[in-house]
Each structure stands twice: as C-alpha cells, then as structure tokens.
$ cat structure.txt   # compact mmCIF, N, CA and C atoms
# COMPACT_ATOMS: atom_id res chain seq x y z
N PRO A 139 0.84 -1.20 0.00
CA PRO A 139 0.00 0.00 0.00
C PRO A 139 0.88 1.25 0.00
N SER A 140 0.43 2.25 -0.77
CA SER A 140 1.28 3.44 -0.84
C SER A 140 1.13 4.26 0.43
N LEU A 141 2.24 4.96 0.81
CA LEU A 141 2.21 5.78 2.02
C LEU A 141 1.31 6.97 1.79
N PRO A 142 0.67 7.44 2.84
CA PRO A 142 -0.15 8.65 2.65
C PRO A 142 0.74 9.81 2.25
N PRO A 143 0.22 10.77 1.50
CA PRO A 143 1.07 11.89 1.09
C PRO A 143 1.60 12.61 2.33
N SER A 144 2.87 12.92 2.30
CA SER A 144 3.43 13.56 3.48
C SER A 144 3.05 15.03 3.46
N PRO A 145 2.96 15.65 4.66
CA PRO A 145 2.63 17.08 4.69
C PRO A 145 3.75 17.86 3.99
N PRO A 146 3.48 19.07 3.53
CA PRO A 146 4.53 19.83 2.83
C PRO A 146 5.75 19.92 3.73
N SER A 147 6.88 19.51 3.21
CA SER A 147 8.04 19.45 4.10
C SER A 147 8.72 20.81 4.14
N LEU A 148 9.30 21.10 5.31
CA LEU A 148 10.09 22.32 5.44
C LEU A 148 11.37 22.14 4.65
N PRO A 149 11.96 23.20 4.17
CA PRO A 149 13.25 23.03 3.49
C PRO A 149 14.26 22.45 4.47
N PRO A 150 15.15 21.62 4.00
CA PRO A 150 16.10 21.02 4.95
C PRO A 150 16.90 22.12 5.63
N SER A 151 17.18 21.92 6.90
CA SER A 151 17.94 22.96 7.60
C SER A 151 19.36 22.96 7.05
N PRO A 152 19.94 24.13 6.90
CA PRO A 152 21.31 24.17 6.34
C PRO A 152 22.27 23.50 7.32
N PRO A 153 23.33 22.93 6.80
CA PRO A 153 24.30 22.31 7.73
C PRO A 153 24.89 23.38 8.65
N ALA A 154 25.25 22.98 9.84
CA ALA A 154 25.86 23.94 10.77
C ALA A 154 27.12 24.50 10.13
N LEU A 155 27.21 25.80 10.09
CA LEU A 155 28.38 26.41 9.46
C LEU A 155 29.58 26.30 10.39
N PRO A 156 30.72 25.97 9.85
CA PRO A 156 31.91 25.96 10.72
C PRO A 156 32.24 27.39 11.14
N LEU A 157 32.90 27.53 12.27
CA LEU A 157 33.31 28.86 12.70
C LEU A 157 34.26 29.44 11.67
N PRO A 158 34.24 30.75 11.48
CA PRO A 158 35.22 31.32 10.55
C PRO A 158 36.63 31.02 11.04
N PRO A 159 37.55 30.85 10.12
CA PRO A 159 38.90 30.43 10.54
C PRO A 159 39.58 31.44 11.45
N SER A 160 39.08 32.69 11.46
CA SER A 160 39.75 33.69 12.27
C SER A 160 39.53 33.43 13.77
N LEU A 161 38.52 32.65 14.12
CA LEU A 161 38.26 32.40 15.54
C LEU A 161 38.25 30.91 15.82
N PRO A 162 39.43 30.32 15.93
CA PRO A 162 39.42 28.89 16.24
C PRO A 162 38.81 28.68 17.62
N PRO A 163 38.09 27.59 17.81
CA PRO A 163 37.56 27.36 19.15
C PRO A 163 38.72 27.20 20.12
N LEU A 164 38.50 27.58 21.35
CA LEU A 164 39.57 27.42 22.34
C LEU A 164 39.77 25.93 22.58
N ALA A 165 41.00 25.50 22.44
CA ALA A 165 41.29 24.08 22.68
C ALA A 165 41.09 23.80 24.16
N PRO A 166 40.72 22.57 24.50
CA PRO A 166 40.57 22.27 25.92
C PRO A 166 41.87 22.56 26.66
N CYS A 167 41.75 23.14 27.81
CA CYS A 167 42.93 23.50 28.58
C CYS A 167 42.97 22.58 29.79
N PRO A 168 44.08 21.89 30.05
CA PRO A 168 44.10 20.97 31.20
C PRO A 168 43.72 21.70 32.49
N LEU A 169 42.93 21.06 33.30
CA LEU A 169 42.48 21.68 34.54
C LEU A 169 43.66 22.19 35.33
N GLY A 170 43.55 23.42 35.79
CA GLY A 170 44.64 23.98 36.59
C GLY A 170 45.71 24.65 35.75
N ASP A 171 45.65 24.48 34.42
CA ASP A 171 46.62 25.15 33.56
C ASP A 171 45.99 26.39 32.96
N VAL A 172 46.84 27.32 32.60
CA VAL A 172 46.39 28.47 31.83
C VAL A 172 46.92 28.27 30.41
N CYS A 173 46.08 28.47 29.42
CA CYS A 173 46.48 28.27 28.04
C CYS A 173 46.32 29.59 27.28
N THR A 174 46.93 29.63 26.10
CA THR A 174 46.82 30.84 25.30
C THR A 174 46.66 30.47 23.83
N THR A 175 45.91 31.30 23.13
CA THR A 175 45.90 31.22 21.67
C THR A 175 46.85 32.30 21.19
N GLY A 176 47.39 32.14 20.01
CA GLY A 176 48.19 33.22 19.45
C GLY A 176 49.55 33.34 20.11
N PRO A 177 50.19 34.51 19.92
CA PRO A 177 51.61 34.65 20.23
C PRO A 177 51.93 35.04 21.67
N CYS A 178 50.93 35.21 22.52
CA CYS A 178 51.26 35.55 23.91
C CYS A 178 52.00 34.38 24.55
N LEU A 179 52.72 34.68 25.61
CA LEU A 179 53.57 33.67 26.23
C LEU A 179 53.10 33.39 27.66
N ILE A 180 53.09 32.11 28.00
CA ILE A 180 52.85 31.72 29.39
C ILE A 180 54.23 31.51 30.00
N THR A 181 54.51 32.18 31.12
CA THR A 181 55.86 32.13 31.69
C THR A 181 55.78 31.73 33.17
N ASP A 182 56.94 31.69 33.77
CA ASP A 182 57.03 31.44 35.22
C ASP A 182 56.30 30.17 35.62
N GLY A 183 56.48 29.12 34.80
CA GLY A 183 55.88 27.84 35.17
C GLY A 183 54.37 27.83 35.12
N GLY A 184 53.79 28.72 34.31
CA GLY A 184 52.34 28.71 34.17
C GLY A 184 51.63 29.67 35.09
N SER A 185 52.38 30.54 35.78
CA SER A 185 51.70 31.46 36.70
C SER A 185 51.69 32.90 36.19
N CYS A 186 52.29 33.16 35.02
CA CYS A 186 52.29 34.51 34.47
C CYS A 186 52.11 34.41 32.96
N ALA A 187 51.77 35.55 32.38
CA ALA A 187 51.72 35.65 30.92
C ALA A 187 52.30 36.99 30.52
N THR A 188 52.83 37.04 29.29
CA THR A 188 53.35 38.30 28.78
C THR A 188 52.83 38.51 27.37
N SER A 189 52.91 39.77 26.95
CA SER A 189 52.64 40.09 25.56
C SER A 189 53.75 39.49 24.70
N PRO A 190 53.48 39.29 23.40
CA PRO A 190 54.50 38.70 22.53
C PRO A 190 55.80 39.50 22.57
N ASP A 191 56.92 38.81 22.66
CA ASP A 191 58.26 39.42 22.63
C ASP A 191 58.63 40.23 23.88
N PHE A 192 57.76 40.24 24.89
CA PHE A 192 58.09 40.97 26.11
C PHE A 192 59.45 40.49 26.63
N PRO A 193 60.33 41.37 27.14
CA PRO A 193 60.16 42.81 27.40
C PRO A 193 60.49 43.70 26.19
N ASN A 194 60.68 43.12 25.03
CA ASN A 194 60.82 43.94 23.83
C ASN A 194 59.43 44.36 23.36
N ASP A 195 59.39 45.32 22.44
CA ASP A 195 58.09 45.81 21.98
C ASP A 195 57.29 44.68 21.33
N TYR A 196 56.00 44.69 21.61
CA TYR A 196 55.12 43.68 21.01
C TYR A 196 54.93 44.00 19.53
N PRO A 197 54.63 42.98 18.72
CA PRO A 197 54.41 43.21 17.28
C PRO A 197 53.05 43.87 17.03
N VAL A 198 52.88 44.43 15.83
CA VAL A 198 51.60 45.02 15.46
C VAL A 198 50.65 43.92 14.97
N ASN A 199 49.37 44.25 15.00
CA ASN A 199 48.33 43.37 14.44
C ASN A 199 48.40 41.96 15.01
N GLU A 200 48.51 41.88 16.31
CA GLU A 200 48.53 40.57 16.95
C GLU A 200 47.41 40.52 17.97
N GLY A 201 47.11 39.32 18.37
CA GLY A 201 46.11 39.18 19.42
C GLY A 201 46.18 37.79 19.99
N CYS A 202 45.66 37.64 21.18
CA CYS A 202 45.61 36.31 21.78
C CYS A 202 44.55 36.32 22.85
N THR A 203 44.13 35.13 23.22
CA THR A 203 43.23 34.96 24.36
C THR A 203 43.89 34.01 25.33
N LEU A 204 44.02 34.45 26.57
CA LEU A 204 44.48 33.57 27.65
C LEU A 204 43.23 33.02 28.31
N TYR A 205 43.25 31.72 28.59
CA TYR A 205 42.06 31.15 29.22
C TYR A 205 42.46 30.08 30.22
N GLY A 206 41.53 29.75 31.09
CA GLY A 206 41.86 28.84 32.19
C GLY A 206 42.44 29.58 33.38
N LEU A 207 42.28 30.92 33.40
CA LEU A 207 42.83 31.69 34.51
C LEU A 207 42.07 31.37 35.79
N PRO A 208 42.78 31.25 36.91
CA PRO A 208 42.08 31.00 38.17
C PRO A 208 41.37 32.27 38.64
N PRO A 209 40.35 32.12 39.46
CA PRO A 209 39.61 33.30 39.92
C PRO A 209 40.34 34.01 41.05
N VAL A 210 41.50 34.53 40.75
CA VAL A 210 42.28 35.27 41.76
C VAL A 210 42.62 36.63 41.18
N GLY A 211 42.89 37.57 42.05
CA GLY A 211 43.25 38.91 41.59
C GLY A 211 44.54 38.88 40.80
N LEU A 212 44.56 39.59 39.69
CA LEU A 212 45.75 39.61 38.84
C LEU A 212 46.82 40.52 39.44
N ASP A 213 48.05 40.11 39.24
CA ASP A 213 49.20 40.85 39.73
C ASP A 213 49.91 41.41 38.50
N VAL A 214 49.88 42.73 38.34
CA VAL A 214 50.47 43.35 37.16
C VAL A 214 51.94 43.66 37.45
N ILE A 215 52.85 42.94 36.78
CA ILE A 215 54.28 43.14 36.99
C ILE A 215 54.78 44.29 36.12
N ALA A 216 54.28 44.37 34.90
CA ALA A 216 54.68 45.43 33.98
C ALA A 216 53.50 45.71 33.07
N PHE A 217 53.34 46.97 32.72
CA PHE A 217 52.24 47.30 31.81
C PHE A 217 52.56 48.62 31.12
N GLU A 218 52.89 48.54 29.84
CA GLU A 218 53.16 49.75 29.07
C GLU A 218 52.65 49.51 27.65
N VAL A 219 51.48 50.08 27.39
CA VAL A 219 50.73 49.80 26.17
C VAL A 219 50.30 51.14 25.58
N GLU A 220 50.12 51.19 24.27
CA GLU A 220 49.68 52.44 23.64
C GLU A 220 48.48 53.01 24.39
N ASP A 221 48.59 54.28 24.77
CA ASP A 221 47.56 54.89 25.61
C ASP A 221 46.66 55.79 24.77
N TYR A 222 45.37 55.62 24.91
CA TYR A 222 44.43 56.50 24.25
C TYR A 222 43.12 56.37 24.99
N TYR A 223 42.35 57.46 24.99
CA TYR A 223 41.07 57.45 25.70
C TYR A 223 40.21 56.27 25.24
N ASP A 224 39.71 55.49 26.19
CA ASP A 224 38.88 54.31 25.91
C ASP A 224 39.64 53.15 25.27
N CYS A 225 40.95 53.27 25.13
CA CYS A 225 41.78 52.13 24.67
C CYS A 225 41.29 51.49 23.38
N PRO A 226 41.08 52.26 22.30
CA PRO A 226 40.57 51.60 21.09
C PRO A 226 41.64 50.85 20.31
N TYR A 227 42.92 51.14 20.59
CA TYR A 227 43.97 50.60 19.73
C TYR A 227 44.57 49.32 20.30
N ASP A 228 45.52 49.46 21.20
CA ASP A 228 46.13 48.28 21.82
C ASP A 228 45.52 48.15 23.20
N HIS A 229 45.06 46.96 23.54
CA HIS A 229 44.45 46.83 24.86
C HIS A 229 44.42 45.38 25.34
N LEU A 230 44.42 45.27 26.65
CA LEU A 230 44.23 43.99 27.33
C LEU A 230 42.84 44.06 27.94
N THR A 231 42.00 43.06 27.63
CA THR A 231 40.62 43.09 28.12
C THR A 231 40.42 42.03 29.19
N VAL A 232 39.90 42.46 30.33
CA VAL A 232 39.54 41.54 31.41
C VAL A 232 38.13 41.92 31.87
N ASN A 233 37.24 40.92 31.93
CA ASN A 233 35.85 41.17 32.35
C ASN A 233 35.19 42.25 31.50
N GLY A 234 35.55 42.31 30.22
CA GLY A 234 34.91 43.27 29.34
C GLY A 234 35.46 44.69 29.45
N VAL A 235 36.46 44.89 30.31
CA VAL A 235 37.06 46.22 30.47
C VAL A 235 38.40 46.24 29.74
N LYS A 236 38.62 47.27 28.93
CA LYS A 236 39.89 47.38 28.20
C LYS A 236 40.89 48.18 29.04
N TYR A 237 42.12 47.68 29.08
CA TYR A 237 43.20 48.36 29.80
C TYR A 237 44.28 48.74 28.80
N CYS A 238 44.81 49.98 28.95
CA CYS A 238 45.92 50.40 28.10
C CYS A 238 46.72 51.44 28.86
N GLY A 239 47.70 52.06 28.18
CA GLY A 239 48.54 53.01 28.88
C GLY A 239 49.44 52.28 29.86
N THR A 240 49.51 52.77 31.09
CA THR A 240 50.33 52.11 32.11
C THR A 240 49.46 51.56 33.22
N LEU A 241 48.15 51.59 33.02
CA LEU A 241 47.24 51.14 34.06
C LEU A 241 46.70 49.76 33.68
N GLY A 242 47.28 48.73 34.26
CA GLY A 242 46.84 47.37 33.95
C GLY A 242 45.76 46.92 34.92
N PRO A 243 45.28 45.68 34.73
CA PRO A 243 44.16 45.17 35.53
C PRO A 243 44.59 44.66 36.90
N ALA A 244 45.30 45.49 37.66
CA ALA A 244 45.82 45.03 38.95
C ALA A 244 44.68 44.69 39.90
N GLY A 245 44.75 43.49 40.48
CA GLY A 245 43.77 43.09 41.47
C GLY A 245 42.44 42.64 40.89
N VAL A 246 42.30 42.71 39.56
CA VAL A 246 41.04 42.32 38.94
C VAL A 246 40.97 40.79 38.89
N VAL A 247 39.81 40.24 39.24
CA VAL A 247 39.61 38.79 39.17
C VAL A 247 38.93 38.48 37.85
N PRO A 248 39.57 37.69 36.96
CA PRO A 248 38.94 37.41 35.66
C PRO A 248 37.76 36.45 35.85
N SER A 249 36.55 37.00 35.88
CA SER A 249 35.39 36.20 36.27
C SER A 249 35.12 35.04 35.33
N ASP A 250 35.45 35.20 34.04
CA ASP A 250 35.21 34.08 33.12
C ASP A 250 36.50 33.32 32.82
N GLY A 251 37.57 33.66 33.55
CA GLY A 251 38.82 32.91 33.36
C GLY A 251 39.57 33.27 32.10
N THR A 252 39.20 34.38 31.45
CA THR A 252 39.90 34.74 30.21
C THR A 252 40.41 36.17 30.26
N MET A 253 41.38 36.42 29.40
CA MET A 253 41.99 37.73 29.26
C MET A 253 42.39 37.82 27.79
N THR A 254 42.07 38.92 27.12
CA THR A 254 42.31 39.01 25.68
C THR A 254 43.19 40.21 25.37
N TRP A 255 44.19 39.97 24.51
CA TRP A 255 45.11 41.03 24.10
C TRP A 255 44.92 41.32 22.63
N VAL A 256 44.93 42.60 22.25
CA VAL A 256 44.86 43.00 20.85
C VAL A 256 45.83 44.16 20.63
N SER A 257 46.61 44.10 19.55
CA SER A 257 47.40 45.27 19.15
C SER A 257 47.01 45.65 17.72
N ASP A 258 47.06 46.95 17.45
CA ASP A 258 46.66 47.41 16.12
C ASP A 258 47.88 47.54 15.20
N GLY A 259 47.71 48.23 14.09
CA GLY A 259 48.77 48.23 13.08
C GLY A 259 49.82 49.30 13.21
N SER A 260 49.74 50.12 14.28
CA SER A 260 50.75 51.18 14.33
C SER A 260 51.68 50.99 15.52
N LYS A 261 51.73 51.97 16.42
CA LYS A 261 52.78 52.02 17.43
C LYS A 261 52.87 50.74 18.27
N THR A 262 54.09 50.44 18.70
CA THR A 262 54.25 49.31 19.62
C THR A 262 55.01 49.78 20.86
N PHE A 263 54.83 49.03 21.92
CA PHE A 263 55.40 49.36 23.22
C PHE A 263 55.91 48.07 23.86
N PRO A 264 56.61 48.21 25.01
CA PRO A 264 57.14 46.99 25.64
C PRO A 264 56.06 45.98 26.04
N GLY A 265 54.84 46.47 26.31
CA GLY A 265 53.78 45.52 26.58
C GLY A 265 53.61 45.22 28.05
N TRP A 266 53.28 43.97 28.35
CA TRP A 266 52.82 43.68 29.71
C TRP A 266 53.25 42.30 30.19
N LYS A 267 53.28 42.20 31.50
CA LYS A 267 53.44 40.91 32.17
C LYS A 267 52.46 40.89 33.33
N VAL A 268 51.59 39.89 33.32
CA VAL A 268 50.56 39.77 34.34
C VAL A 268 50.67 38.38 34.96
N CYS A 269 50.61 38.31 36.28
CA CYS A 269 50.69 37.02 36.97
C CYS A 269 49.42 36.77 37.77
N TRP A 270 49.21 35.52 38.06
CA TRP A 270 48.12 35.13 38.94
C TRP A 270 48.74 34.13 39.89
N ALA A 271 48.94 34.51 41.11
CA ALA A 271 49.56 33.56 42.03
C ALA A 271 48.58 32.42 42.18
N ALA A 272 49.05 31.21 42.01
CA ALA A 272 48.16 30.07 42.26
C ALA A 272 47.95 30.04 43.76
N GLN A 273 46.86 30.66 44.19
CA GLN A 273 46.64 30.79 45.62
C GLN A 273 46.24 29.43 46.19
N PRO A 274 46.92 28.99 47.24
CA PRO A 274 46.43 27.76 47.90
C PRO A 274 45.08 28.06 48.53
N PRO A 275 44.26 27.04 48.73
CA PRO A 275 42.97 27.29 49.37
C PRO A 275 43.21 27.97 50.71
N SER A 276 42.44 29.00 51.00
CA SER A 276 42.71 29.72 52.23
C SER A 276 42.24 28.90 53.42
N LEU A 277 43.12 28.80 54.37
CA LEU A 277 42.77 28.06 55.59
C LEU A 277 42.22 29.07 56.61
N PRO A 278 41.27 28.62 57.41
CA PRO A 278 40.80 29.56 58.44
C PRO A 278 41.96 29.87 59.38
N PRO A 279 42.06 31.11 59.86
CA PRO A 279 43.17 31.43 60.77
C PRO A 279 43.08 30.57 62.02
N SER A 280 44.20 30.03 62.44
CA SER A 280 44.14 29.14 63.61
C SER A 280 44.36 29.95 64.87

$ encode --input "structure.txt" --output "structure tokens"
Amino acid sequence: PSLPPSPPSLPPSPPALPLPPSLPPLAPCPLGDVCTTGPCLITDGGSCATSPDFPNDYPVNEGCTLYGLPPVGLDVIAFEVEDYYDCPYDHLTVNGVKYCGTLGPAGVVPSDGTMTWVSDGSKTFPGWKVCWAAQPPSLPPS
C-alpha cells in the first residue's frame, strides 16, 4: 500500500556552518593550567603571561586569548601599552574592560577565566606581564 502523502516538508535545515577560521575554538585546557591562543607567552611555570616578545616591543596586528585563569586577583608586573582614551587601539581586556597606557588590571579577578590582548597596526610598546599567584585554598586562621 502506498504511504499517505506527506505534509509539505520544510526546506532542509542548512548544515551547521563551521566557525570562521579567524576564531578557532579554544582548545581544551588541562584543569589547573592556563592556556593561550596566538603569540602571547605563558611564563614562570604557568603562573604569568606576557605580551609577545616581552620585554621587547610587542608586534603590530597581533592578538591572543588567555584562558583557564584562576579566579584570583591579577598581579600586574609590567604594563606599558599604547595609551588612548577608551583604549581603542592596543588593549588587554579583562571582564569586558579594556586596559591600556600604564594602568593594567591590577587586582582584577577574571570572572570568566579569560583575558584578551589586541594590538593594532601602528605604534608598539614593551607591553605587559601579568601574573596570577596560584593561591592555595585559604585556611581559616588558627
């Protein structure tokens, strides 16, 4: 027996589009490690990061995302980035706030565990070094 006529079918849904190549998904980062995309460097045994080529001037048109950061206040060791009102050019972003000039994200806790660096196509500066002390769990005072 023939099947009953099927209701008008919806057009097939398009296949899921791959992400554009400019934004690779963040690779899984081992628990407790901090990872980076792009040219930023993880230093000091995994407890600090620097801009590319630090302490030499960072390159133009670069960017990276650090992820897996612990929820502890950041310790800014060095910060010298192109300064401009609202930081539209070179900036380090933590919690959606852009930092530039000589004022880094000291004491800021990266709530989503990420920090993003972007440099534009012109001036370069020595850049930054930011650490996060792997704080041991705080014990109640005895």

$ select_by_dssp --input "structure.txt" --residues "segment 156-223 of chain A" --states "strand (DSSP E or B)" --output "list in words"
Cys173, Thr174, Leu179, Ile180, Thr181, Cys186, Ala187, Thr188, Gly201, Cys202, Thr203, Leu204, Tyr205, Asp213, Val214, Ile215, Ala216, Phe217 and Glu218 of chain A

$ closest_residue --input "structure.txt" --among "A:Cys202, A:Leu164, A:Ser249, A:Asn194" --to "Pro177 of chain A" --atoms "only N, CA and C atoms"
A:Cys202

$ residues_around --input "structure.txt" --residues "Ala165 of chain A" --least-positions-apart "6" --cutoff "12 Å" --atoms "only C-alpha atoms" --output "PyMOL selection string"
chain A and resi 172-176+203-206

$ residues_around --input "structure.txt" --residues "Asp182 of chain A" --least-positions-apart "4" --cutoff "10 Å" --atoms "only C-alpha atoms" --output "PDB file with N, CA and C atoms, in the coordinates of the input"
ATOM      1  N   CYS A 186      52.290  33.160  35.020  1.00  0.00           N
ATOM      2  CA  CYS A 186      52.290  34.510  34.470  1.00  0.00           C
ATOM      3  C   CYS A 186      52.110  34.410  32.960  1.00  0.00           C
ATOM      4  N   ALA A 187      51.770  35.550  32.380  1.00  0.00           N
ATOM      5  CA  ALA A 187      51.720  35.650  30.920  1.00  0.00           C
ATOM      6  C   ALA A 187      52.300  36.990  30.520  1.00  0.00           C
ATOM      7  N   CYS A 269      50.610  38.310  36.280  1.00  0.00           N
ATOM      8  CA  CYS A 269      50.690  37.020  36.970  1.00  0.00           C
ATOM      9  C   CYS A 269      49.420  36.770  37.770  1.00  0.00           C
TER      10      CYS A 269
END

$ atom_distance --input "structure.txt" --atom1 "atom C of Met253 of chain A" --atom2 "atom CA of Thr188 of chain A"
11.0 Å

$ atom_distance --input "structure.txt" --atom1 "atom N of Asp195 of chain A" --atom2 "atom N of Gly265 of chain A"
6.1 Å

$ atom_distance --input "structure.txt" --atom1 "atom CA of Pro166 of chain A" --atom2 "atom N of Gly251 of chain A"
14.0 Å

$ closest_residue --input "structure.txt" --among "A:Glu220, A:Val210, A:Pro168, A:Ser260" --to "Tyr237 of chain A" --atoms "only C-alpha atoms"
A:Glu220

$ closest_residue --input "structure.txt" --among "A:Thr262, A:Thr252, A:Thr231, A:Ser257" --to "Cys167 of chain A" --atoms "only C-alpha atoms"
A:Thr252

$ decode --input "structure.txt" --residues "segment 241-278 of chain A" --atoms "C-alpha atoms" --output "PDB file, in the first residue's frame"
ATOM      1  CA  LEU A 241      47.236  51.141  34.055  1.00  0.00           C
ATOM      2  CA  GLY A 242      46.842  47.374  33.955  1.00  0.00           C
ATOM      3  CA  PRO A 243      44.157  45.173  35.527  1.00  0.00           C
ATOM      4  CA  ALA A 244      45.824  45.029  38.954  1.00  0.00           C
ATOM      5  CA  GLY A 245      43.769  43.087  41.468  1.00  0.00           C
ATOM      6  CA  VAL A 246      41.041  42.321  38.940  1.00  0.00           C
ATOM      7  CA  VAL A 247      39.611  38.792  39.174  1.00  0.00           C
ATOM      8  CA  PRO A 248      38.940  37.406  35.661  1.00  0.00           C
ATOM      9  CA  SER A 249      35.390  36.203  36.274  1.00  0.00           C
ATOM     10  CA  ASP A 250      35.207  34.084  33.116  1.00  0.00           C
ATOM     11  CA  GLY A 251      38.823  32.913  33.361  1.00  0.00           C
ATOM     12  CA  THR A 252      39.900  34.736  30.212  1.00  0.00           C
ATOM     13  CA  MET A 253      41.991  37.729  29.262  1.00  0.00           C
ATOM     14  CA  THR A 254      42.313  39.010  25.678  1.00  0.00           C
ATOM     15  CA  TRP A 255      45.115  41.032  24.101  1.00  0.00           C
ATOM     16  CA  VAL A 256      44.859  43.004  20.853  1.00  0.00           C
ATOM     17  CA  SER A 257      47.400  45.273  19.148  1.00  0.00           C
ATOM     18  CA  ASP A 258      46.659  47.413  16.120  1.00  0.00           C
ATOM     19  CA  GLY A 259      48.767  48.228  13.078  1.00  0.00           C
ATOM     20  CA  SER A 260      50.752  51.176  14.334  1.00  0.00           C
ATOM     21  CA  LYS A 261      52.779  52.016  17.434  1.00  0.00           C
ATOM     22  CA  THR A 262      54.253  49.314  19.619  1.00  0.00           C
ATOM     23  CA  PHE A 263      55.397  49.362  23.220  1.00  0.00           C
ATOM     24  CA  PRO A 264      57.139  46.989  25.636  1.00  0.00           C
ATOM     25  CA  GLY A 265      53.779  45.516  26.585  1.00  0.00           C
ATOM     26  CA  TRP A 266      52.816  43.676  29.707  1.00  0.00           C
ATOM     27  CA  LYS A 267      53.436  40.907  32.167  1.00  0.00           C
ATOM     28  CA  VAL A 268      50.564  39.772  34.344  1.00  0.00           C
ATOM     29  CA  CYS A 269      50.691  37.019  36.969  1.00  0.00           C
ATOM     30  CA  TRP A 270      48.118  35.128  38.940  1.00  0.00           C
ATOM     31  CA  ALA A 271      49.558  33.565  42.031  1.00  0.00           C
ATOM     32  CA  ALA A 272      48.162  30.072  42.256  1.00  0.00           C
ATOM     33  CA  GLN A 273      46.644  30.792  45.625  1.00  0.00           C
ATOM     34  CA  PRO A 274      46.434  27.765  47.897  1.00  0.00           C
ATOM     35  CA  PRO A 275      42.966  27.291  49.371  1.00  0.00           C
ATOM     36  CA  SER A 276      42.710  29.720  52.227  1.00  0.00           C
ATOM     37  CA  LEU A 277      42.768  28.064  55.590  1.00  0.00           C
ATOM     38  CA  PRO A 278      40.802  29.556  58.440  1.00  0.00           C
TER      39      PRO A 278
END
